[in-house]
Amino acid sequence: MKKLSKPKKPVLVAGTPTYPMRINKYLALKQIATRRGADELVEKKKVFINGKLAVLGSKVSKTDKVEVKGAEKKTYKYFAYNKPIGTETDSPTAGLFPIGRLDKASHGLLILTNDGRITDGLLNPKFDHEKEYVVKTKQKLRSNFKEKMEAGVNIEDYITKPCKVTIVNENTFRVTLTEGKKHQIRRMCVALFQDVQDLKRVRVMNIELGKLSPKATREIKGEELTTFLNQALHQS
């Protein structure tokens, strides 16, 4: 007898929202409130799913109609900012705050926003969001440097997660991390007998620094923003 083939599982694109999802996550994705704020709206009996009062933990399907009584949709803004060397991590624009940090001696890409919903998604170590850097060292890179970096480095009794390294020339490399310990790249290099001369962040997830001038900002919008928010917000 011919065996029946098992139905193929749908292929999920990274960052694609999956349903059903919890009501607080749904409201956060729709820019109604943070997840905590969404829970408060539910507790205040202001959220309805298909005309029925929602409760904490309610699930929403893609075709459900969700209504929120008396809630105003907040306008969120997102910018790429090229932080220059010698400055503290801060926002040059009032009302916006940086997600993550770059030390004073480093430069490159920071994400500025007024959207507190994405903070946990981007900074929580359980979510493997990529950050890419170009690093120049004072010494020539050792022959086993790439292998050692990619495998994970012991920095003060902590083994860093595996990372991607591309050697650019004898004292420059690109590295992609999925975690962000304090001064991590500098400490990894020191552990491998290399001193950092210059460290520049060039990418956060799908957002690239590109040719953005030092101290300059550009608004993140369109398809670039959609992809970014899908990855930052669609966490389980």
# chains A, B, ... in the order shown; residues from 1 in each chain; ligands from 1
$ closest_atom_pairs --of "segment 67-185 of chain A" --to "segment 16-24 of chain A" --cutoff "12 Å" --atoms "only C-alpha atoms" --output "CSV"
residue,atom,partner,partner_atom,distance
A:Glu67,CA,A:Ile23,CA,11.0
A:Val68,CA,A:Ile23,CA,11.1
A:Arg117,CA,A:Asn24,CA,11.1
$ select_by_dssp --residues "segment 74-164 of chain A" --states "alpha helix (DSSP H)" --output "compact mmCIF listing (two decimals) with C-alpha atoms, in the first residue's frame"
# COMPACT_ATOMS: atom_id res chain seq x y z
CA ILE A 118 11.25 47.24 21.05
CA THR A 119 13.75 47.68 23.88
CA ASP A 120 13.41 44.19 25.34
CA GLY A 121 13.31 42.54 21.93
CA LEU A 122 16.59 44.14 20.90
CA LEU A 123 18.51 43.98 24.17
CA PHE A 145 42.44 34.74 15.13
CA LYS A 146 39.34 34.07 13.00
CA GLU A 147 39.02 30.49 14.26
CA LYS A 148 39.42 31.52 17.90
CA MET A 149 36.95 34.43 17.67
CA GLU A 150 34.27 32.42 15.90
CA ALA A 151 34.44 29.54 18.38
$ atom_distance --atom1 "atom CA of Ile155 of chain A" --atom2 "atom CA of Leu177 of chain A"
14.9 Å
$ residues_around --residues "segment 178-194 of chain A" --least-positions-apart "4" --cutoff "9 Å" --atoms "only C-alpha atoms" --output "VMD selection string"
chain A and resid 100 to 103 123 to 132 135 137 to 142 145 148 to 149 152 to 156 160 to 163 199
$ atom_distance --atom1 "atom CA of His107 of chain A" --atom2 "atom CA of Arg203 of chain A"
11.8 Å
$ closest_residue --among "A:Thr176, A:Arg35, A:Thr75, A:Gly51" --to "Lys164 of chain A" --atoms "only C-alpha atoms"
A:Thr176
$ select_by_dssp --residues "segment 4-221 of chain A" --states "strand (DSSP E)" --output "PyMOL selection string"
chain A and resi 21-22+47-49+52-53+59-60+66-68+78-83+97-99+107-113+131-137+164-169+172-177+196-204+207-208+217-219
$ atom_distance --atom1 "atom CA of Phe97 of chain A" --atom2 "atom CA of Arg174 of chain A"
26.8 Å
$ residues_around --residues "Tyr81 of chain A" --least-positions-apart "6" --cutoff "8 Å" --atoms "only C-alpha atoms" --output "list of chain:residue names"
A:Gly108, A:Leu109, A:Leu110, A:Ile111, A:Leu112, A:Leu209, A:Leu212, A:Lys215, A:Ala216, A:Thr217, A:Arg218
$ write_last_selection --atoms "N, CA and C atoms" --output "PDB file, in the first residue's frame"
ATOM      1  N   GLY A 108      29.699  54.769  15.114  1.00  0.00           N
ATOM      2  CA  GLY A 108      28.860  54.027  14.190  1.00  0.00           C
ATOM      3  C   GLY A 108      27.389  54.049  14.548  1.00  0.00           C
ATOM      4  N   LEU A 109      26.689  53.010  14.125  1.00  0.00           N
ATOM      5  CA  LEU A 109      25.232  52.990  14.113  1.00  0.00           C
ATOM      6  C   LEU A 109      24.588  52.816  15.485  1.00  0.00           C
ATOM      7  N   LEU A 110      23.657  53.719  15.780  1.00  0.00           N
ATOM      8  CA  LEU A 110      22.734  53.590  16.906  1.00  0.00           C
ATOM      9  C   LEU A 110      21.318  53.741  16.365  1.00  0.00           C
ATOM     10  N   ILE A 111      20.379  53.022  16.952  1.00  0.00           N
ATOM     11  CA  ILE A 111      18.967  53.178  16.610  1.00  0.00           C
ATOM     12  C   ILE A 111      18.338  54.111  17.634  1.00  0.00           C
ATOM     13  N   LEU A 112      17.730  55.196  17.159  1.00  0.00           N
ATOM     14  CA  LEU A 112      17.033  56.146  18.029  1.00  0.00           C
ATOM     15  C   LEU A 112      15.530  55.990  17.825  1.00  0.00           C
ATOM     16  N   LEU A 209      24.411  51.199   8.422  1.00  0.00           N
ATOM     17  CA  LEU A 209      24.919  52.564   8.556  1.00  0.00           C
ATOM     18  C   LEU A 209      25.096  53.211   7.194  1.00  0.00           C
ATOM     19  N   LEU A 212      26.050  57.206   5.923  1.00  0.00           N
ATOM     20  CA  LEU A 212      25.580  58.240   6.845  1.00  0.00           C
ATOM     21  C   LEU A 212      26.769  58.933   7.505  1.00  0.00           C
ATOM     22  N   LYS A 215      27.403  62.167  13.194  1.00  0.00           N
ATOM     23  CA  LYS A 215      26.429  63.061  13.817  1.00  0.00           C
ATOM     24  C   LYS A 215      25.126  63.183  13.028  1.00  0.00           C
ATOM     25  N   ALA A 216      25.055  62.555  11.871  1.00  0.00           N
ATOM     26  CA  ALA A 216      23.851  62.659  11.039  1.00  0.00           C
ATOM     27  C   ALA A 216      22.844  61.566  11.401  1.00  0.00           C
ATOM     28  N   THR A 217      21.573  61.837  11.109  1.00  0.00           N
ATOM     29  CA  THR A 217      20.515  60.852  11.306  1.00  0.00           C
ATOM     30  C   THR A 217      19.729  60.699  10.012  1.00  0.00           C
ATOM     31  N   ARG A 218      19.083  59.565   9.864  1.00  0.00           N
ATOM     32  CA  ARG A 218      18.138  59.363   8.760  1.00  0.00           C
ATOM     33  C   ARG A 218      16.966  58.565   9.298  1.00  0.00           C
TER      34      ARG A 218
END
$ decode --residues "segment 30-157 of chain A" --atoms "C-alpha atoms" --output "JSON list (two decimals), in the first residue's frame"
[["chain", "number", "residue", "atom", "x", "y", "z"],
["A", 30, "LYS", "CA", -0.48, 47.38, 16.11],
["A", 31, "GLN", "CA", 1.25, 50.25, 17.95],
["A", 32, "ILE", "CA", -1.64, 50.62, 20.41],
["A", 33, "ALA", "CA", 0.43, 50.12, 23.56],
["A", 34, "THR", "CA", 3.42, 48.34, 25.04],
["A", 35, "ARG", "CA", 2.71, 44.80, 26.19],
["A", 36, "ARG", "CA", 2.45, 45.98, 29.77],
["A", 37, "GLY", "CA", 0.21, 48.84, 28.67],
["A", 38, "ALA", "CA", -1.92, 46.37, 26.71],
["A", 39, "ASP", "CA", -2.36, 44.23, 29.81],
["A", 40, "GLU", "CA", -3.54, 47.32, 31.68],
["A", 41, "LEU", "CA", -6.09, 48.07, 28.94],
["A", 42, "VAL", "CA", -7.38, 44.49, 29.21],
["A", 43, "GLU", "CA", -7.61, 44.76, 32.99],
["A", 44, "LYS", "CA", -9.58, 47.99, 32.61],
["A", 45, "LYS", "CA", -12.01, 46.11, 30.32],
["A", 46, "LYS", "CA", -11.31, 48.29, 27.30],
["A", 47, "VAL", "CA", -10.34, 45.52, 24.86],
["A", 48, "PHE", "CA", -12.83, 43.46, 22.85],
["A", 49, "ILE", "CA", -12.25, 40.53, 20.48],
["A", 50, "ASN", "CA", -15.13, 39.97, 18.05],
["A", 51, "GLY", "CA", -17.35, 41.97, 20.37],
["A", 52, "LYS", "CA", -16.48, 39.94, 23.47],
["A", 53, "LEU", "CA", -14.51, 41.32, 26.39],
["A", 54, "ALA", "CA", -10.88, 40.18, 26.32],
["A", 55, "VAL", "CA", -9.11, 38.79, 29.37],
["A", 56, "LEU", "CA", -5.41, 38.52, 30.17],
["A", 57, "GLY", "CA", -3.91, 35.84, 27.95],
["A", 58, "SER", "CA", -6.67, 35.94, 25.32],
["A", 59, "LYS", "CA", -5.51, 34.78, 21.89],
["A", 60, "VAL", "CA", -6.14, 36.65, 18.64],
["A", 61, "SER", "CA", -6.49, 34.99, 15.24],
["A", 62, "LYS", "CA", -5.63, 36.74, 11.99],
["A", 63, "THR", "CA", -9.29, 37.23, 11.05],
["A", 64, "ASP", "CA", -10.46, 38.43, 14.47],
["A", 65, "LYS", "CA", -11.79, 41.96, 14.93],
["A", 66, "VAL", "CA", -10.11, 43.69, 17.85],
["A", 67, "GLU", "CA", -11.47, 46.92, 19.34],
["A", 68, "VAL", "CA", -9.92, 49.12, 22.01],
["A", 69, "LYS", "CA", -12.16, 51.66, 23.69],
["A", 70, "GLY", "CA", -10.66, 55.08, 24.37],
["A", 71, "ALA", "CA", -7.09, 54.27, 23.31],
["A", 72, "GLU", "CA", -5.16, 56.66, 21.10],
["A", 73, "LYS", "CA", -2.66, 55.19, 18.66],
["A", 74, "LYS", "CA", 0.79, 56.57, 19.41],
["A", 75, "THR", "CA", 3.02, 57.73, 16.58],
["A", 76, "TYR", "CA", 6.42, 56.07, 16.78],
["A", 77, "LYS", "CA", 9.59, 57.30, 15.13],
["A", 78, "TYR", "CA", 12.77, 55.42, 14.26],
["A", 79, "PHE", "CA", 16.10, 56.83, 13.14],
["A", 80, "ALA", "CA", 19.57, 55.57, 12.26],
["A", 81, "TYR", "CA", 22.23, 57.76, 13.89],
["A", 82, "ASN", "CA", 25.98, 57.79, 13.26],
["A", 83, "LYS", "CA", 27.52, 58.32, 16.70],
["A", 84, "PRO", "CA", 30.98, 59.93, 16.41],
["A", 85, "ILE", "CA", 34.07, 58.95, 18.40],
["A", 86, "GLY", "CA", 34.53, 60.78, 21.69],
["A", 87, "THR", "CA", 30.87, 61.22, 22.57],
["A", 88, "GLU", "CA", 28.73, 59.41, 25.11],
["A", 89, "THR", "CA", 25.80, 57.33, 23.92],
["A", 90, "ASP", "CA", 22.88, 59.74, 23.80],
["A", 91, "SER", "CA", 20.20, 61.00, 21.46],
["A", 92, "PRO", "CA", 20.78, 64.28, 19.60],
["A", 93, "THR", "CA", 17.01, 64.58, 19.11],
["A", 94, "ALA", "CA", 14.60, 65.48, 21.91],
["A", 95, "GLY", "CA", 11.98, 62.85, 22.65],
["A", 96, "LEU", "CA", 14.06, 59.96, 21.28],
["A", 97, "PHE", "CA", 16.32, 57.54, 23.12],
["A", 98, "PRO", "CA", 19.04, 55.16, 21.89],
["A", 99, "ILE", "CA", 18.54, 51.40, 21.91],
["A", 100, "GLY", "CA", 21.74, 49.90, 23.24],
["A", 101, "ARG", "CA", 25.10, 51.61, 23.67],
["A", 102, "LEU", "CA", 28.45, 52.29, 22.06],
["A", 103, "ASP", "CA", 31.38, 53.16, 24.30],
["A", 104, "LYS", "CA", 32.97, 56.60, 24.02],
["A", 105, "ALA", "CA", 35.92, 55.35, 21.96],
["A", 106, "SER", "CA", 33.67, 53.57, 19.44],
["A", 107, "HIS", "CA", 31.53, 54.99, 16.66],
["A", 108, "GLY", "CA", 28.86, 54.03, 14.19],
["A", 109, "LEU", "CA", 25.23, 52.99, 14.11],
["A", 110, "LEU", "CA", 22.73, 53.59, 16.91],
["A", 111, "ILE", "CA", 18.97, 53.18, 16.61],
["A", 112, "LEU", "CA", 17.03, 56.15, 18.03],
["A", 113, "THR", "CA", 13.33, 55.86, 18.79],
["A", 114, "ASN", "CA", 10.46, 56.79, 21.10],
["A", 115, "ASP", "CA", 9.15, 53.21, 20.96],
["A", 116, "GLY", "CA", 9.72, 51.47, 24.27],
["A", 117, "ARG", "CA", 8.12, 48.29, 22.92],
["A", 118, "ILE", "CA", 11.25, 47.24, 21.05],
["A", 119, "THR", "CA", 13.75, 47.68, 23.88],
["A", 120, "ASP", "CA", 13.41, 44.19, 25.34],
["A", 121, "GLY", "CA", 13.31, 42.54, 21.93],
["A", 122, "LEU", "CA", 16.59, 44.14, 20.90],
["A", 123, "LEU", "CA", 18.51, 43.98, 24.17],
["A", 124, "ASN", "CA", 17.34, 40.71, 25.72],
["A", 125, "PRO", "CA", 20.16, 38.14, 25.21],
["A", 126, "LYS", "CA", 17.69, 35.31, 24.52],
["A", 127, "PHE", "CA", 16.89, 36.93, 21.16],
["A", 128, "ASP", "CA", 19.70, 36.47, 18.63],
["A", 129, "HIS", "CA", 19.61, 39.78, 16.77],
["A", 130, "GLU", "CA", 22.71, 40.47, 14.68],
["A", 131, "LYS", "CA", 24.99, 43.47, 15.13],
["A", 132, "GLU", "CA", 27.92, 43.88, 12.74],
["A", 133, "TYR", "CA", 31.16, 45.78, 13.36],
["A", 134, "VAL", "CA", 34.31, 46.69, 11.45],
["A", 135, "VAL", "CA", 37.34, 46.48, 13.73],
["A", 136, "LYS", "CA", 40.92, 47.61, 13.17],
["A", 137, "THR", "CA", 43.66, 46.30, 15.46],
["A", 138, "LYS", "CA", 47.04, 47.77, 16.37],
["A", 139, "GLN", "CA", 48.82, 44.51, 15.64],
["A", 140, "LYS", "CA", 48.64, 42.16, 12.66],
["A", 141, "LEU", "CA", 45.95, 39.55, 13.17],
["A", 142, "ARG", "CA", 47.28, 36.17, 14.20],
["A", 143, "SER", "CA", 46.80, 33.23, 11.84],
["A", 144, "ASN", "CA", 44.31, 31.54, 14.19],
["A", 145, "PHE", "CA", 42.44, 34.74, 15.13],
["A", 146, "LYS", "CA", 39.34, 34.07, 13.00],
["A", 147, "GLU", "CA", 39.02, 30.49, 14.26],
["A", 148, "LYS", "CA", 39.42, 31.52, 17.90],
["A", 149, "MET", "CA", 36.95, 34.43, 17.67],
["A", 150, "GLU", "CA", 34.27, 32.42, 15.90],
["A", 151, "ALA", "CA", 34.44, 29.54, 18.38],
["A", 152, "GLY", "CA", 33.84, 31.78, 21.41],
["A", 153, "VAL", "CA", 36.32, 33.54, 23.67],
["A", 154, "ASN", "CA", 36.77, 33.28, 27.43],
["A", 155, "ILE", "CA", 36.40, 36.79, 28.86],
["A", 156, "GLU", "CA", 36.53, 36.79, 32.63],
["A", 157, "ASP", "CA", 35.01, 33.32, 33.07]]
